[in-house]
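The file entry_21.txt contains compact mmCIF, C-alpha atoms:
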```
# COMPACT_ATOMS: atom_id res chain seq x y z
CA MET A 1 20.73 8.71 5.00
CA ASN A 2 24.19 7.46 4.26
CA MET A 3 25.02 4.66 6.67
CA THR A 4 28.26 3.08 5.59
CA SER A 5 27.71 -0.35 7.11
CA PRO A 6 25.11 -2.60 5.44
CA ASP A 7 24.83 -4.30 8.83
CA LEU A 8 23.31 -1.13 10.29
CA TYR A 9 20.53 -1.27 7.68
CA THR A 10 19.87 -4.91 8.50
CA ARG A 11 19.59 -4.09 12.21
CA ILE A 12 17.33 -1.07 11.74
CA VAL A 13 15.11 -3.00 9.33
CA SER A 14 14.91 -5.97 11.74
CA ALA A 15 13.66 -3.64 14.46
CA LYS A 16 11.13 -2.07 12.07
CA LEU A 17 9.84 -5.50 11.04
CA PHE A 18 9.54 -6.37 14.75
CA MET A 19 7.39 -3.26 15.19
CA ASP A 20 5.34 -4.19 12.11
CA GLU A 21 4.58 -7.60 13.60
CA HIS A 22 4.07 -6.72 17.27
CA PHE A 23 2.64 -3.18 17.31
CA GLU A 24 -0.63 -4.43 18.85
CA GLN A 25 1.27 -5.38 22.01
CA ALA A 26 2.72 -2.99 24.58
CA MET A 27 6.27 -2.08 23.58
CA ASP A 28 8.84 0.47 24.67
CA LEU A 29 11.87 1.98 23.03
CA GLY A 30 14.31 -0.17 25.02
CA MET A 31 12.65 -3.36 23.82
CA ILE A 32 12.76 -2.26 20.17
CA ALA A 33 16.32 -0.95 20.38
CA ARG A 34 17.46 -4.31 21.74
CA LYS A 35 16.14 -5.94 18.52
CA ALA A 36 18.60 -3.74 16.66
CA CYS A 37 21.36 -4.43 19.21
CA MET A 38 21.72 -0.69 19.85
CA SER A 39 21.33 1.74 22.69
CA LYS A 40 17.98 3.54 22.88
CA PHE A 41 19.58 6.84 21.94
CA HIS A 42 21.51 5.45 18.95
CA PHE A 43 18.50 3.51 17.65
CA HIS A 44 16.14 6.48 18.01
CA ARG A 45 18.52 8.71 16.07
CA LEU A 46 19.11 6.22 13.26
CA PHE A 47 15.45 5.20 12.97
CA LYS A 48 14.34 8.81 12.64
CA SER A 49 17.06 9.46 10.13
CA VAL A 50 15.95 6.53 7.93
CA TYR A 51 12.15 6.72 8.24
CA LYS A 52 11.72 10.45 8.92
CA LYS A 53 9.62 9.77 12.02
CA THR A 54 10.32 8.63 15.57
CA PRO A 55 9.78 4.97 16.55
CA HIS A 56 6.87 6.10 18.76
CA ALA A 57 5.22 8.00 15.91
CA TYR A 58 5.71 4.99 13.64
CA VAL A 59 4.06 2.54 16.09
CA THR A 60 1.17 4.98 16.55
CA LEU A 61 0.74 5.13 12.78
CA LEU A 62 0.73 1.33 12.52
CA ARG A 63 -1.96 1.13 15.20
CA LEU A 64 -4.10 3.79 13.53
CA GLU A 65 -3.78 2.11 10.16
CA ARG A 66 -4.79 -1.26 11.57
CA ALA A 67 -7.71 0.43 13.34
CA ARG A 68 -8.75 2.00 10.03
CA GLN A 69 -8.74 -1.43 8.35
CA LEU A 70 -10.80 -3.00 11.14
CA LEU A 71 -13.31 -0.15 11.16
CA GLN A 72 -13.51 -0.28 7.37
CA SER A 73 -14.56 -3.92 7.56
CA GLY A 74 -17.46 -2.79 9.75
CA THR A 75 -17.38 -6.00 11.77
CA VAL A 76 -15.68 -4.71 14.94
CA ARG A 77 -16.98 -2.01 17.28
CA VAL A 78 -14.90 1.10 17.99
CA GLY A 79 -14.17 0.24 21.64
CA ALA A 80 -12.93 -3.22 20.73
CA VAL A 81 -10.81 -1.83 17.88
CA CYS A 82 -9.16 0.67 20.22
CA HIS A 83 -7.93 -2.04 22.57
CA GLN A 84 -7.21 -4.60 19.86
CA VAL A 85 -4.69 -2.35 18.11
CA GLY A 86 -2.89 -1.40 21.31
CA PHE A 87 -4.36 1.91 22.47
CA GLU A 88 -5.15 2.16 26.17
CA SER A 89 -7.33 5.28 26.12
CA PRO A 90 -10.41 5.46 23.85
CA ALA A 91 -10.32 9.26 24.09
CA SER A 92 -6.76 9.55 22.80
CA PHE A 93 -7.47 6.91 20.14
CA SER A 94 -10.45 8.91 18.91
CA LEU A 95 -8.44 12.12 18.85
CA LEU A 96 -5.48 10.61 17.01
CA PHE A 97 -7.73 8.82 14.52
CA LYS A 98 -9.56 12.02 13.65
CA ARG A 99 -6.27 13.89 13.32
CA GLN A 100 -4.90 11.23 10.95
CA TYR A 101 -7.95 10.49 8.78
CA GLY A 102 -10.09 13.59 9.25
CA THR A 103 -13.09 11.67 10.64
CA PRO A 104 -13.88 10.34 14.13
CA PRO A 105 -13.73 6.51 14.31
CA GLN A 106 -17.47 6.11 15.00
CA CYS A 107 -18.35 8.14 11.94
CA PHE A 108 -15.73 6.38 9.80
CA ARG A 109 -17.13 2.98 10.78
CA ARG A 110 -20.72 4.06 10.05
CA MET A 111 -19.78 5.34 6.60
CA SER A 112 -17.81 2.14 5.89
CA VAL A 113 -20.78 -0.06 6.79
CA LEU A 114 -22.96 1.89 4.34
CA LYS A 115 -20.29 1.74 1.63
CA ASN A 116 -19.81 -2.02 2.10
CA LYS A 117 -23.55 -2.63 1.83
CA ARG A 118 -23.75 -0.55 -1.32
CA ALA A 119 -20.75 -2.38 -2.80
CA LEU A 120 -22.51 -5.70 -2.26
CA ASP A 121 -25.86 -4.55 -3.61
CA GLN A 122 -24.70 -2.38 -6.52
CA PRO A 123 -21.02 -3.05 -7.33
CA ALA A 124 -21.35 -1.49 -10.79
CA LEU A 125 -21.86 1.92 -9.21
CA PHE A 126 -18.23 1.85 -7.99
CA ILE A 127 -16.74 1.49 -11.47
CA PRO A 128 -16.24 4.70 -13.46
CA ARG A 129 -18.19 4.75 -16.71
CA CYS A 130 -15.08 5.37 -18.80
CA PHE A 131 -13.63 2.00 -17.75
CA VAL A 132 -16.91 0.23 -18.51
CA ASN A 133 -16.97 1.79 -21.98
CA THR A 134 -13.29 1.30 -22.78
CA TYR A 135 -13.15 -2.34 -21.81
CA ALA A 136 -16.68 -3.11 -22.97
CA LEU A 137 -17.75 -4.47 -19.61
CA THR A 138 -21.23 -5.11 -20.98
CA CYS A 139 -22.34 -7.19 -18.00
CA LEU A 140 -21.78 -4.12 -15.81
CA GLU A 141 -23.79 -1.90 -18.11
CA LYS A 142 -26.78 -4.21 -17.65
CA GLN A 143 -26.43 -4.20 -13.86
CA ASP A 144 -25.97 -0.46 -13.82
CA THR A 145 -29.15 -0.01 -15.79
CA VAL A 146 -31.09 -2.35 -13.48
CA ALA A 147 -29.74 -0.55 -10.41
CA MET B 1 -7.62 23.53 -16.05
CA ILE B 2 -6.25 20.16 -14.97
CA THR B 3 -4.77 20.24 -11.49
CA LYS B 4 -3.74 16.69 -10.57
CA LEU B 5 -3.72 13.00 -11.44
CA SER B 6 -6.56 11.19 -9.68
CA HIS B 7 -6.50 7.70 -11.31
CA ALA B 8 -3.63 5.79 -12.95
CA SER B 9 -4.28 2.19 -14.03
CA LEU B 10 -1.86 -0.67 -13.69
CA PHE B 11 -2.26 -3.78 -15.85
CA VAL B 12 -1.37 -6.94 -13.96
CA SER B 13 -1.30 -10.62 -14.83
CA ASP B 14 -2.93 -11.81 -11.60
CA LEU B 15 -5.04 -9.78 -9.17
CA ASP B 16 -4.46 -11.90 -6.05
CA ARG B 17 -0.69 -11.82 -6.55
CA ALA B 18 -0.82 -8.10 -7.26
CA TYR B 19 -2.86 -7.55 -4.07
CA ASP B 20 -0.26 -9.42 -2.05
CA PHE B 21 2.56 -7.40 -3.58
CA TYR B 22 1.09 -3.91 -3.40
CA VAL B 23 -0.91 -4.24 -0.16
CA ASN B 24 0.94 -6.77 1.99
CA LYS B 25 4.50 -6.03 0.86
CA LEU B 26 4.53 -2.37 -0.24
CA GLY B 27 1.84 -1.20 2.21
CA PHE B 28 -0.60 0.34 -0.29
CA ARG B 29 -4.18 0.77 0.95
CA VAL B 30 -7.30 -0.74 -0.55
CA HIS B 31 -9.62 2.03 -1.72
CA THR B 32 -12.34 -0.06 -3.40
CA ASP B 33 -12.68 -3.80 -3.83
CA VAL B 34 -15.94 -4.96 -5.39
CA ALA B 35 -16.72 -8.12 -7.31
CA MET B 36 -19.26 -8.60 -10.08
CA ASP B 37 -21.37 -11.66 -10.70
CA ASN B 38 -19.26 -12.64 -13.71
CA GLY B 39 -16.07 -12.67 -11.61
CA PHE B 40 -14.81 -9.28 -12.75
CA ARG B 41 -13.19 -7.52 -9.78
CA TRP B 42 -12.76 -3.79 -9.48
CA LEU B 43 -9.80 -3.29 -7.13
CA THR B 44 -8.27 0.12 -6.60
CA LEU B 45 -5.38 1.03 -4.29
CA THR B 46 -3.80 4.20 -2.97
CA PRO B 47 -0.14 4.73 -2.05
CA PRO B 48 0.34 5.15 1.74
CA ASP B 49 0.84 8.92 1.65
CA GLN B 50 -1.36 9.69 -1.37
CA PRO B 51 -4.96 8.89 -0.41
CA ASP B 52 -6.30 10.84 -3.39
CA LEU B 53 -4.38 8.94 -6.08
CA GLU B 54 -6.44 5.86 -6.95
CA ILE B 55 -4.72 3.01 -8.80
CA PRO B 56 -7.13 0.58 -10.47
CA LEU B 57 -5.48 -2.82 -10.92
CA LEU B 58 -6.74 -4.20 -14.22
CA GLN B 59 -6.37 -7.77 -15.35
CA PRO B 60 -6.42 -7.58 -19.16
CA LEU B 61 -6.37 -11.36 -19.55
CA HIS B 62 -9.57 -11.78 -17.51
CA PRO B 63 -12.56 -12.81 -19.65
CA GLY B 64 -14.61 -10.03 -17.98
CA MET B 65 -12.54 -7.50 -19.94
CA GLN B 66 -13.69 -7.78 -23.49
CA GLN B 67 -11.10 -7.06 -26.16
CA SER B 68 -9.82 -8.56 -29.39
CA ASP B 69 -7.67 -11.69 -29.38
CA GLU B 70 -4.86 -9.60 -30.86
CA VAL B 71 -4.93 -7.13 -27.97
CA ARG B 72 -5.22 -9.91 -25.38
CA GLU B 73 -2.18 -11.67 -26.90
CA ALA B 74 -0.20 -8.42 -26.91
CA PHE B 75 -0.98 -7.93 -23.20
CA ARG B 76 0.01 -11.51 -22.44
CA VAL B 77 3.43 -11.04 -24.07
CA LEU B 78 4.03 -7.69 -22.33
CA LEU B 79 3.03 -9.02 -18.91
CA GLU B 80 5.07 -12.21 -19.23
CA ASN B 81 8.14 -10.14 -20.06
CA ASN B 82 7.72 -7.61 -17.23
CA ALA B 83 7.59 -4.96 -19.93
CA LEU B 84 4.94 -2.71 -18.38
CA GLY B 85 5.16 -0.10 -15.68
CA ALA B 86 8.09 2.26 -15.60
CA GLY B 87 6.67 4.34 -12.77
CA VAL B 88 8.78 5.73 -9.97
CA LEU B 89 8.11 4.87 -6.33
CA TYR B 90 9.40 7.37 -3.80
CA THR B 91 11.20 6.16 -0.69
CA PRO B 92 12.88 8.26 2.00
CA ASP B 93 15.69 5.68 2.24
CA CYS B 94 16.30 3.37 -0.71
CA ARG B 95 18.82 1.08 0.98
CA ALA B 96 16.63 0.49 4.05
CA THR B 97 13.53 -0.13 1.94
CA TYR B 98 15.52 -2.43 -0.34
CA GLU B 99 16.69 -4.43 2.67
CA GLU B 100 13.15 -4.63 4.09
CA LEU B 101 11.49 -5.65 0.83
CA ARG B 102 14.26 -8.13 0.04
CA GLN B 103 13.54 -9.79 3.39
CA LYS B 104 9.87 -9.95 2.38
CA GLY B 105 10.78 -11.79 -0.81
CA VAL B 106 10.35 -8.91 -3.29
CA GLN B 107 12.38 -9.25 -6.51
CA PHE B 108 14.88 -6.58 -7.60
CA LYS B 109 17.04 -6.14 -10.66
CA GLY B 110 20.24 -5.68 -8.67
CA GLU B 111 21.19 -3.71 -5.58
CA PRO B 112 20.55 0.03 -5.01
CA ARG B 113 22.88 2.25 -7.02
CA GLU B 114 23.82 5.91 -6.93
CA GLN B 115 22.45 7.85 -9.89
CA PHE B 116 22.73 11.54 -10.65
CA TYR B 117 19.15 11.99 -9.34
CA GLY B 118 19.48 9.89 -6.19
CA ILE B 119 19.74 6.28 -5.05
CA GLU B 120 17.73 3.83 -7.11
CA ALA B 121 16.80 0.16 -7.21
CA ILE B 122 14.63 -1.50 -9.86
CA ILE B 123 11.77 -3.44 -8.39
CA LEU B 124 9.57 -6.08 -10.07
CA ASP B 125 5.96 -6.59 -8.99
CA GLY B 126 5.88 -10.19 -10.23
CA CYS B 127 2.74 -9.35 -12.22
CA GLY B 128 4.27 -7.81 -15.34
CA ASN B 129 5.48 -4.41 -14.14
CA TRP B 130 8.74 -2.83 -13.09
CA PHE B 131 9.34 0.37 -11.13
CA SER B 132 12.21 2.54 -10.17
CA MET B 133 12.31 2.80 -6.38
CA THR B 134 14.13 6.06 -5.79
CA GLU B 135 15.42 8.07 -2.89
CA PRO B 136 15.81 11.48 -4.53
CA LYS B 137 18.99 13.41 -3.99
CA SER B 138 18.45 16.15 -1.41
CA HIS B 139 19.19 19.61 -2.79
```

I'd like the structure from this file rewritten - as structure tokens, please.
Amino acid sequence: MNMTSPDLYTRIVSAKLFMDEHFEQAMDLGMIARKACMSKFHFHRLFKSVYKKTPHAYVTLLRLERARQLLQSGTVRVGAVCHQVGFESPASFSLLFKRQYGTPPQCFRRMSVLKNKRALDQPALFIPRCFVNTYALTCLEKQDTVA
Amino acid sequence: MITKLSHASLFVSDLDRAYDFYVNKLGFRVHTDVAMDNGFRWLTLTPPDQPDLEIPLLQPLHPGMQQSDEVREAFRVLLENNALGAGVLYTPDCRATYEELRQKGVQFKGEPREQFYGIEAIILDGCGNWFSMTEPKSH
């Protein structure tokens, strides 16, 4: 996009950073547009032009990504994750998560727990052999053999 | 038949700093992060929209990576001089991303400039690498 005023970039970016920091809370377009000192319509148009997605789609993506990180850690249950990242409906969260990452959140969390356990028990199995050979990671070769 | 690039390593001077830059500032995702008993850490990242391109961050100065003193010294000089990298990072809007990353404390070699291929700013990762951050010209 070719916005002539650098000030417009600063305002759009400020609103985006506000979304980055507060996406877990309830927010509406009017609230975000006010951060950019613009009308809802003007902000929506400029935001989409810069980031190629609507503010609503962007906040949804932030929430899904944070949910993915929490589920990947394996320490938080799916229901708690849903509410923690700002979704109100577990059903729509589950649907959106599967659409974005190809796996339902329950399944993603289960696989992550298994992967984390394996990473703790047998870290050498996560490192491709070519890297071990190239950089002579001999300590890994021993562990790999033991595993 | 080779069909795509699946892994591309980046050599960095410090893994924790690199993690902060690529994950917290640029928004890359952690694919694998495992630590060995000897302190060697295998950390791989993926760009936000490329989940199948894994980027192992390698710390060539770490004692866990065994190589000759000559090679280690060469890496040290290259990393200290930001001489590695030369990849291109895609952005849909260079000026907006420049403004955002500047606010997050990321270092650039100057402001975004128009080039024949698009709008470009040179970004430093603070760990030895530089990249072109480019918004390609729409055709």

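Nearest residue to chain A among B:Tyr98, B:Tyr22, B:Tyr117, B:Phe131 is B:Tyr98, counting only C-alpha atoms.
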
Checklist entry - Counting only C-alpha atoms, which of B:Arg17, B:His31, B:Arg72, B:Lys25 gets nearest to Ser112 of chain A? => result B:His31

Item to check | Shortest interatomic distance to chain A - which of B:Asp37, B:Asp125, B:Glu111, B:Glu54, counting all atoms listed in the file | outcome: B:Asp37

Checklist outcome for this item: Expressed in Å, the length from atom CA of Thr75 of chain A to atom CA of His7 of chain B is 29.0 Å

Checklist entry - Which of these, B:Gly85, B:Leu45, B:Val77, B:Cys94, has the shortest distance to Asp20 of chain B once you count only C-alpha atoms? => result B:Leu45

Item to check | Interface list for chain B, partner chain A, 7 Å threshold, all atoms listed in the file, as a PyMOL selection string | outcome: chain B and resi 34-36+42+64-67+92-93+96+99-100

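Coordinates place atom CA of Phe40 of chain B at a distance of 29.8 Å from atom CA of Leu101 of chain B.
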
Checklist outcome for this item: Ser9 of chain B proximity check over B:Thr44, B:Ser138, B:Asn129, B:Ser68, using only C-alpha atoms: winner is B:Thr44

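Of note, atom CA of Glu21 of chain A and atom CA of Pro104 of chain A are spaced 25.7 Å apart.
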
Item to check | Exercise: Val88 of chain B partners within 12 Å, all atoms listed in the file, chain neighbours under 3 positions left out, as a ChimeraX atom specification | outcome: /B:47,85,91,120-124,129-136

Checklist entry - Which polymer residues have any atom within 10 Å of an atom of Ala80 of chain A, counting all atoms listed in the file, with same-chain residues fewer than 6 positions away left out, as an MDAnalysis selection string? => result chainID A and resid 67 70 90

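The shortest atom-to-atom distance to Val85 of chain A, with all atoms listed in the file taken into account, belongs to A:Arg63 out of A:Arg99, A:Arg63, A:His44, A:Arg68.
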
Next on the checklist: Just want the 8 Å neighbourhood of Val59 of chain A, counted on all atoms listed in the file, with same-chain residues fewer than 2 positions away dropped. Output as a PyMOL selection string.
Outcome noted: chain A and resi 19-20+23+55-57+61-63

Next on the checklist: Excluding Ala8 of chain B and its own-chain neighbours fewer than 2 positions away, which residues fall within 9 Å of it when counting only C-alpha atoms? Please give them as a PyMOL selection string.
Outcome noted: chain B and resi 5-6+10+53-56
